[in-house]
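Down below is the structure, laid out as structure tokens.
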Amino acid sequence: MELVLQTRDLLIFLDQNTETRERKREEKMSELSKQILEMRIVLFGNGQAEPNPDACAHLARELFKHDTFRLLVVCLPKLDLGARQNATHVLANLQRQRVGGRLIASEYLENNLDLMDVLLPGYVLGSEYMKKFFTYIQIPNFDIASDAQSTFKELLTRHRSTVAEFLSANDDWFFQGYNSQLLQSPSNITRRHAVKLLGDMLLDRSNSAVMVRYDSNKTIQLDTFHVFKLFVANQKKPPEIISVLVTNRSKLLRFLGDFSIDKEDEQFEADKAQVIKEIATLEIIGERSCTDADDCEVES
């Protein structure tokens, strides 16, 4: 495919960075940006027409065949913002592309694990771009939001030691944004994904030091409580939420019993008392529901 070959040549040019003439370099960068945008259109469509599955599979096969995928990852930090965003969406989409029934991206990454080491510390976790995921995850376009969500989760759970270092160095702005934008998102799906991912991160042994700081931050605690009480108060809680609450009932009640804020707030105390009551009775309700009903099985 000519698109892939041209992109590969331009990425090699960018990676080697031997051009001393600024104007010539800018021309090459502009051409590369157009090529990356064209790949994104192939994979996502142009807004008027859906992507062609055969064209997507062909593009994916060629990208891995010529190692252009590797070059794209290596050159991410050198791209301008627009091209970098498009390239990130291309990389995320490729992880879902099946060729001959196989997820070839997964196979490629399994045989080239060094790419994840380049991608994580070298680019995403080490740049301002990480902050933009809070926005991308909530974009109305489902495909883009879904890709952003899966990439965000992959970045924060795959390489534990690297993630632990990132969270330790950036816990202030990261959790403030996580709480205010994801845990308090108007989208119920976004909130549920955020709660689950937060639990996965903080309960990981590698992030124990981060969890202590997170739990001791009063502002974050209060923001999280306001989101948490909405889940508890919901009378139509999903089975997985009920399962989590029942399993952790003792810990939650102990934490809420000790939880306080610096100033007196009657509304906060009333909300806390209601949450404690709901959780305290939830086990009995859950047991009765699962005894008398056939549709209460908790999804794994």
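In the structure tokens, the first chain shown is A, the next is B, and so on; residue numbers restart at 1 for each chain, and ligands run from 1 in the order shown.
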
Show which residues sit within 10 Å of A:Phe259, as a PyMOL selection string. Count only C-alpha atoms, and ignore same-chain residues fewer than 6 positions away. chain A and resi 218+221-222+225+253+269+272

Could you list, as JSON, numbers by chain, every residue within 7 Å of stretch 147-154 of chain A, counting only C-alpha atoms and ignoring same-chain residues fewer than 5 positions away? {"A": [92, 93, 133, 136, 137, 197]}

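Among the residues of stretch 17-235 of chain A, backbone DSSP assigns strand (DSSP E or B) to A:Arg98, A:Val99, A:Arg102, A:Leu103.
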
Please produce a file of the residues just selected, as a PDB file, in the first residue's frame, where the atoms kept are C-alpha atoms.
```pdb
ATOM      1  CA  ARG A  98      -8.508  -8.469  13.117  1.00  0.00           C
ATOM      2  CA  VAL A  99      -6.680  -9.900  10.119  1.00  0.00           C
ATOM      3  CA  ARG A 102      -6.275 -12.739  14.545  1.00  0.00           C
ATOM      4  CA  LEU A 103      -5.587  -9.638  16.614  1.00  0.00           C
TER       5      LEU A 103
END
```

Grab the atom CA of A:Ile41 to atom CA of A:Cys56 distance for me, in Å with one decimal place. 9.8 Å

By how many Å are atom CA of A:Trp173 and atom CA of A:Cys75 apart? 26.7 Å

When DSSP works through the backbone of this structure, what residues of stretch 151-245 of chain A end up as alpha helix (DSSP H), shown as a ChimeraX atom specification? /A:151-157,160-177,188-202,208-216,218-233,239-245

Contacts of A:Pro186 within 12 Å, only C-alpha atoms, excl. fewer than 3 positions in-chain, as a ChimeraX atom specification: /A:138-140,180-183,189-192,227,230

Taking 3 positions as the minimum chain separation for residues in the same chain, which residues sit within 10 Å of A:Ala57 when counting only C-alpha atoms? Answer as an NGL selection string. :A and (42-43 or 52-54 or 60-63 or 94 or 97-100 or 104)

Near-A:Gly177 list (12 Å; only C-alpha atoms; drop same-chain fewer than 6 positions) as a ChimeraX atom specification: /A:130-135,170-171,183-185,194,220,223-224

A:Leu71 surroundings by only C-alpha atoms, 8 Å radius, close-in-sequence under 4 positions cut, as a PyMOL selection string: chain A and resi 8+11-12+15+67+75

Please produce a file of the residues just selected, as a compact mmCIF listing (two decimals), in the first residue's frame, where the atoms kept are C-alpha atoms.
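Now in selection.txt:
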```
# COMPACT_ATOMS: atom_id res chain seq x y z
CA ARG A 8 7.28 4.86 6.53
CA LEU A 11 8.90 8.53 9.65
CA ILE A 12 12.43 7.34 8.87
CA ASP A 15 13.56 9.61 13.21
CA ASP A 67 7.38 -2.25 10.76
CA CYS A 75 8.39 8.96 16.51
```

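Between atom CA of A:Leu37 and atom CA of A:Leu5 there is a distance of 14.8 Å.
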
Set the distance at 10 Å and use only C-alpha atoms: which residues neighbour A:Lys229 once local chain neighbours fewer than 5 positions away are removed? I'd like the list as a tab-separated table (two decimals) with N, CA and C atoms, in the first residue's frame.
```tsv
chain	number	residue	atom	x	y	z
A	224	THR	N	-14.60	12.42	46.14
A	224	THR	CA	-14.92	11.02	45.87
A	224	THR	C	-16.18	10.60	46.63
A	234	ASN	N	-28.43	5.00	44.59
A	234	ASN	CA	-29.16	4.50	43.42
A	234	ASN	C	-29.90	3.21	43.77
A	271	ASP	N	-25.73	13.13	54.74
A	271	ASP	CA	-25.41	12.27	53.59
A	271	ASP	C	-24.61	11.05	54.03
A	272	LYS	N	-23.65	11.28	54.94
A	272	LYS	CA	-22.82	10.17	55.41
A	272	LYS	C	-23.66	9.16	56.18
A	274	GLN	N	-26.80	8.52	55.80
A	274	GLN	CA	-27.64	7.80	54.85
A	274	GLN	C	-26.85	6.73	54.10
A	275	VAL	N	-25.63	7.08	53.71
A	275	VAL	CA	-24.77	6.12	53.00
A	275	VAL	C	-24.46	4.93	53.91
A	276	ILE	N	-24.13	5.21	55.16
A	276	ILE	CA	-23.83	4.14	56.12
A	276	ILE	C	-25.04	3.22	56.29
A	278	GLU	N	-27.48	2.71	54.15
A	278	GLU	CA	-27.70	1.94	52.92
A	278	GLU	C	-26.75	0.75	52.84
```
